[in-house]
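See below for data_22.cif, which holds mmCIF, C-alpha atoms and all ligand atoms.
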```cif
data_run
#
loop_
_atom_site.label_atom_id
_atom_site.label_comp_id
_atom_site.auth_asym_id
_atom_site.auth_seq_id
_atom_site.Cartn_x
_atom_site.Cartn_y
_atom_site.Cartn_z
CA LYS G 1 -51.61 28.21 11.42
CA ARG G 2 -54.04 25.58 10.10
CA LEU G 3 -57.40 26.74 8.75
CA VAL G 4 -60.52 24.73 8.03
CA VAL G 5 -63.02 26.72 5.94
CA LEU G 6 -66.76 25.92 5.95
CA VAL G 7 -68.86 26.84 2.91
CA SER G 8 -72.44 26.43 1.67
CA GLY G 9 -72.40 28.13 -1.71
CA SER G 10 -70.25 29.80 -4.37
CA GLY G 11 -67.18 29.97 -2.13
CA THR G 12 -65.82 33.32 -3.32
CA ASN G 13 -64.71 34.12 0.22
CA LEU G 14 -62.88 30.78 0.26
CA GLN G 15 -61.36 31.65 -3.10
CA ALA G 16 -60.14 35.00 -1.77
CA LEU G 17 -58.36 33.18 1.07
CA LEU G 18 -56.87 30.64 -1.36
CA ASP G 19 -55.64 33.43 -3.65
CA ALA G 20 -54.09 35.42 -0.78
CA ILE G 21 -52.24 32.34 0.50
CA ALA G 22 -51.07 31.47 -3.02
CA ALA G 23 -49.82 35.03 -3.51
CA GLN G 24 -48.13 35.48 -0.13
CA GLY G 25 -47.21 31.89 0.66
CA ALA G 26 -48.53 30.18 3.78
CA ALA G 27 -45.60 31.51 5.81
CA GLY G 28 -46.13 35.07 4.62
CA TYR G 29 -49.87 35.00 5.14
CA GLY G 30 -49.52 33.14 8.42
CA ALA G 31 -51.93 30.33 7.62
CA GLU G 32 -52.75 27.53 5.21
CA ILE G 33 -56.13 25.98 4.46
CA VAL G 34 -55.96 22.28 5.33
CA ALA G 35 -59.55 21.27 4.48
CA VAL G 36 -62.92 22.61 3.36
CA GLY G 37 -66.22 21.44 4.83
CA ALA G 38 -69.78 21.96 3.62
CA ASP G 39 -73.35 21.19 4.58
CA ARG G 40 -74.37 20.27 1.03
CA GLU G 41 -72.98 18.64 -2.12
CA ASN G 42 -72.58 20.12 -5.60
CA ILE G 43 -71.65 23.65 -4.70
CA ALA G 44 -68.98 25.77 -6.36
CA GLY G 45 -67.24 26.15 -3.01
CA LEU G 46 -66.37 22.43 -3.05
CA ASP G 47 -65.20 22.65 -6.67
CA ARG G 48 -62.88 25.47 -5.69
CA ALA G 49 -61.46 23.36 -2.84
CA GLU G 50 -60.92 20.37 -5.10
CA ARG G 51 -59.25 22.55 -7.75
CA ALA G 52 -56.88 23.72 -5.00
CA GLY G 53 -56.15 20.07 -4.16
CA LEU G 54 -57.72 20.33 -0.70
CA PRO G 55 -59.52 17.54 1.14
CA THR G 56 -63.24 18.20 1.59
CA PHE G 57 -66.01 16.84 3.76
CA VAL G 58 -69.79 17.20 3.53
CA HIS G 59 -72.27 16.66 6.34
CA ARG G 60 -75.94 17.25 5.48
CA VAL G 61 -78.36 17.87 8.32
CA LYS G 62 -80.97 15.61 6.71
CA ASP G 63 -78.60 12.63 6.87
CA TYR G 64 -78.71 12.73 10.67
CA GLY G 65 -81.47 11.76 13.07
CA THR G 66 -81.05 14.89 15.16
CA ARG G 67 -79.45 18.28 14.78
CA GLU G 68 -77.11 17.38 17.66
CA GLU G 69 -75.84 14.32 15.77
CA TRP G 70 -75.15 16.50 12.73
CA ASP G 71 -73.35 19.05 14.88
CA ALA G 72 -71.19 16.33 16.48
CA ALA G 73 -70.37 14.87 13.05
CA LEU G 74 -69.38 18.28 11.67
CA ALA G 75 -67.29 18.99 14.75
CA GLY G 76 -65.55 15.63 14.51
CA ALA G 77 -64.84 16.01 10.80
CA THR G 78 -63.42 19.49 11.40
CA ALA G 79 -61.34 18.36 14.39
CA ALA G 80 -59.78 15.57 12.30
CA TYR G 81 -57.77 18.31 10.52
CA ALA G 82 -56.59 19.87 13.79
CA PRO G 83 -57.37 23.47 12.78
CA ASP G 84 -56.05 26.41 14.76
CA LEU G 85 -58.86 28.53 13.33
CA VAL G 86 -62.15 27.66 11.61
CA VAL G 87 -63.53 30.13 9.06
CA SER G 88 -67.26 30.05 8.31
CA ALA G 89 -67.25 31.70 4.87
CA GLY G 90 -70.82 31.71 3.68
CA PHE G 91 -71.64 28.64 5.75
CA MET G 92 -75.41 28.74 6.20
CA LYS G 93 -75.96 26.55 9.25
CA ILE G 94 -75.90 27.47 12.94
CA VAL G 95 -73.34 25.30 14.74
CA GLY G 96 -74.26 23.75 18.08
CA LYS G 97 -72.87 22.86 21.48
CA GLU G 98 -70.40 20.19 20.39
CA PHE G 99 -68.90 22.35 17.67
CA LEU G 100 -68.66 25.35 20.01
CA ALA G 101 -67.18 23.23 22.79
CA ARG G 102 -64.30 22.39 20.47
CA PHE G 103 -63.95 25.57 18.38
CA GLY G 104 -65.65 28.37 20.30
CA GLY G 105 -63.26 31.31 20.48
CA ARG G 106 -61.42 30.18 17.37
CA CYS G 107 -64.19 30.12 14.78
CA VAL G 108 -64.86 33.29 12.78
CA ASN G 109 -67.88 34.02 10.60
CA THR G 110 -68.48 36.62 7.94
CA HIS G 111 -71.93 38.20 7.64
CA PRO G 112 -73.14 40.56 4.86
CA ALA G 113 -74.58 43.25 7.15
CA LEU G 114 -73.42 45.58 9.92
CA LEU G 115 -74.22 43.50 13.00
CA PRO G 116 -76.10 43.76 15.27
CA SER G 117 -78.32 45.01 12.47
CA PHE G 118 -79.87 42.42 10.18
CA PRO G 119 -78.56 39.09 11.53
CA GLY G 120 -79.64 35.80 9.99
CA ALA G 121 -79.88 34.32 6.54
CA HIS G 122 -81.22 37.41 4.70
CA GLY G 123 -79.07 40.28 5.97
CA VAL G 124 -78.77 42.00 2.59
CA ARG G 125 -82.46 41.79 1.75
CA ASP G 126 -83.47 42.86 5.28
CA ALA G 127 -81.26 45.97 5.13
CA LEU G 128 -82.85 46.95 1.79
CA ALA G 129 -86.36 46.28 3.08
CA TYR G 130 -85.65 48.46 6.08
CA GLY G 131 -84.47 51.31 3.85
CA ALA G 132 -80.95 51.40 5.24
CA LYS G 133 -78.69 53.98 3.58
CA VAL G 134 -75.49 52.17 4.45
CA THR G 135 -74.95 48.52 5.17
CA GLY G 136 -71.85 46.35 4.86
CA CYS G 137 -70.24 43.26 6.33
CA THR G 138 -69.04 42.00 9.68
CA VAL G 139 -66.38 39.47 10.60
CA HIS G 140 -67.00 38.14 14.10
CA PHE G 141 -66.29 35.21 16.38
CA VAL G 142 -69.03 32.60 16.45
CA ASP G 143 -70.88 32.14 19.72
CA ASP G 144 -74.05 30.25 20.59
CA GLY G 145 -76.32 32.86 19.05
CA VAL G 146 -77.13 33.73 15.44
CA ASP G 147 -74.48 36.21 14.25
CA THR G 148 -74.08 37.51 17.82
CA GLY G 149 -70.45 36.82 18.69
CA PRO G 150 -67.76 39.45 19.39
CA ILE G 151 -67.11 41.67 16.37
CA ILE G 152 -63.59 41.69 14.93
CA ALA G 153 -63.99 44.04 11.95
CA GLN G 154 -66.64 45.69 9.81
CA GLY G 155 -66.78 47.27 6.36
CA VAL G 156 -69.35 49.84 5.17
CA VAL G 157 -71.09 49.77 1.79
CA GLU G 158 -73.38 52.56 0.53
CA VAL G 159 -76.87 51.54 -0.57
CA ARG G 160 -77.75 52.98 -4.00
CA ASN G 161 -81.24 53.82 -5.31
CA GLU G 162 -80.97 51.18 -8.02
CA ASP G 163 -80.33 48.54 -5.36
CA TYR G 164 -84.03 48.74 -4.49
CA GLU G 165 -84.92 47.70 -8.04
CA ASP G 166 -83.68 44.13 -7.75
CA ASP G 167 -83.63 41.39 -5.15
CA GLY G 168 -80.53 42.72 -3.44
CA SER G 169 -78.08 40.71 -5.52
CA ALA G 170 -76.37 43.83 -6.92
CA LEU G 171 -75.88 45.19 -3.41
CA HIS G 172 -74.76 41.77 -2.17
CA GLU G 173 -72.09 41.61 -4.88
CA ARG G 174 -70.78 45.04 -3.83
CA ILE G 175 -70.80 43.92 -0.21
CA LYS G 176 -68.92 40.75 -1.12
CA GLU G 177 -66.13 42.80 -2.73
CA VAL G 178 -65.56 44.50 0.64
CA GLU G 179 -66.23 41.32 2.60
CA ARG G 180 -63.59 39.25 0.82
CA ARG G 181 -60.89 41.83 1.50
CA LEU G 182 -62.00 42.20 5.12
CA LEU G 183 -62.01 38.44 5.73
CA VAL G 184 -58.57 37.92 4.14
CA ASP G 185 -57.14 40.77 6.21
CA VAL G 186 -58.71 39.62 9.50
CA VAL G 187 -57.87 35.93 9.17
CA GLY G 188 -54.27 36.77 8.30
CA ARG G 189 -53.89 39.10 11.30
CA LEU G 190 -55.50 36.63 13.71
CA ALA G 191 -53.18 33.90 12.44
CA ARG G 192 -49.98 35.97 12.42
CA ASN G 193 -50.44 38.10 15.53
CA GLY G 194 -52.61 36.07 17.87
CA TYR G 195 -55.57 37.62 19.67
CA ARG G 196 -57.52 37.83 22.92
CA ILE G 197 -61.31 37.97 23.37
CA GLU G 198 -62.24 40.09 26.40
CA GLY G 199 -66.01 39.98 26.76
CA ARG G 200 -67.27 41.59 23.57
CA LYS G 201 -63.90 43.12 22.72
CA VAL G 202 -61.41 41.41 20.42
CA VAL G 203 -57.78 42.46 20.83
CA ILE G 204 -55.44 41.42 18.03
CA GLN G 205 -51.86 41.63 19.26
C1 LIG O 1 -71.30 35.88 1.82
O1 LIG O 1 -71.70 37.22 1.58
C2 LIG O 1 -71.61 35.50 3.24
O2 LIG O 1 -71.45 36.56 4.16
C3 LIG O 1 -73.07 35.16 3.12
O3 LIG O 1 -73.21 34.47 1.91
C4 LIG O 1 -72.15 34.90 1.05
C5 LIG O 1 -71.37 33.66 0.68
O4 LIG O 1 -70.60 33.99 -0.41
N1 LIG O 1 -73.48 34.31 4.23
P1 LIG O 1 -69.49 32.93 -0.95
O5 LIG O 1 -70.10 31.53 -0.83
O6 LIG O 1 -68.28 33.09 -0.09
O7 LIG O 1 -69.28 33.35 -2.38
#
```
Mind converting the file's structure to structure tokens?
Ligand code: GRF
Amino acid sequence: KRLVVLVSGSGTNLQALLDAIAAQGAAGYGAEIVAVGADRENIAGLDRAERAGLPTFVHRVKDYGTREEWDAALAGATAAYAPDLVVSAGFMKIVGKEFLARFGGRCVNTHPALLPSFPGAHGVRDALAYGAKVTGCTVHFVDDGVDTGPIIAQGVVEVRNEDYEDDGSALHERIKEVERRLLVDVVGRLARNGYRIEGRKVVIQ
């Protein structure tokens, strides 16, 4: 299966996928990454893609007159690589109608909280602010909402007292350790086994 991965930052989730495919081989893992897309330049995620010899593309919202034009450009750039599955791995933009028309039902996202709790761009900080005792990460299919699509898998991470001392980055790093393993496992199973989405239920064969 062909994967396109979308990133906006450090790209450690992308790196985890790259490492798993390198270790198991594309055949063993069931998928290969054919391109990496981003919404901004000069991020480590793009460096990681280039080091892996992958083609990359960048579409910045501010380069387009409207959000719809950006969405169509991102969708077109992604479609050019004919992915079977798109993986939003720390991609920090909400995709729109055109993107969903092409990739809805075959685009997964990873979020650093236990959805439906704490959706949006500050899931880790919001869980801490709320005083949650456990939080974690969620891998889900992307739909037209913000972090609202059908859940595929979740991982739980305990919140520690010292997590309240800083800005959540210590907790986020612990979440990311779980998140990377969860994403690698889920993407591999979706690619190897195939899956069905029945309402809010995801059935992996
Ligand atoms: C991940 O925790 C992702 O869930 C969140 O931002 C982080 C991105 O990490 N949206 P990376 O870019 O994969 O290192």
* **Neighbour list for Ser8 of chain G as a ChimeraX atom specification, cut-off 6 Å, only C-alpha atoms, skip fewer than 6 positions in-chain** => /G:38,90-92
* To do: Find the residue from G:Val108, G:Val159, G:Ala44, G:Leu3 that sits nearest to ligand LIG 1 (chain O); use all atoms listed in the file when measuring.
  =>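 Looking only at the distances to ligand LIG 1 (chain O), the closest residue turns out to be G:Ala44.
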* Asked: Can you list, as a PyMOL selection string, every protein, DNA or RNA residue that comes within 8 Å of Lys176 of chain G when you count only C-alpha atoms, leaving out same-chain residues fewer than 2 positions away?
  -> chain G and resi 13+112+137+172-174+178-180
* Please indicate the distance in Å from atom CA of Val186 of chain G to atom CA of Gln205 of chain G, rounded to one decimal place. =>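 Separating atom CA of Val186 of chain G from atom CA of Gln205 of chain G is a distance of 12.1 Å.
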* Structure fact -> Between atom CA of Ser10 of chain G and atom CA of Leu46 of chain G lies a distance of 8.4 Å
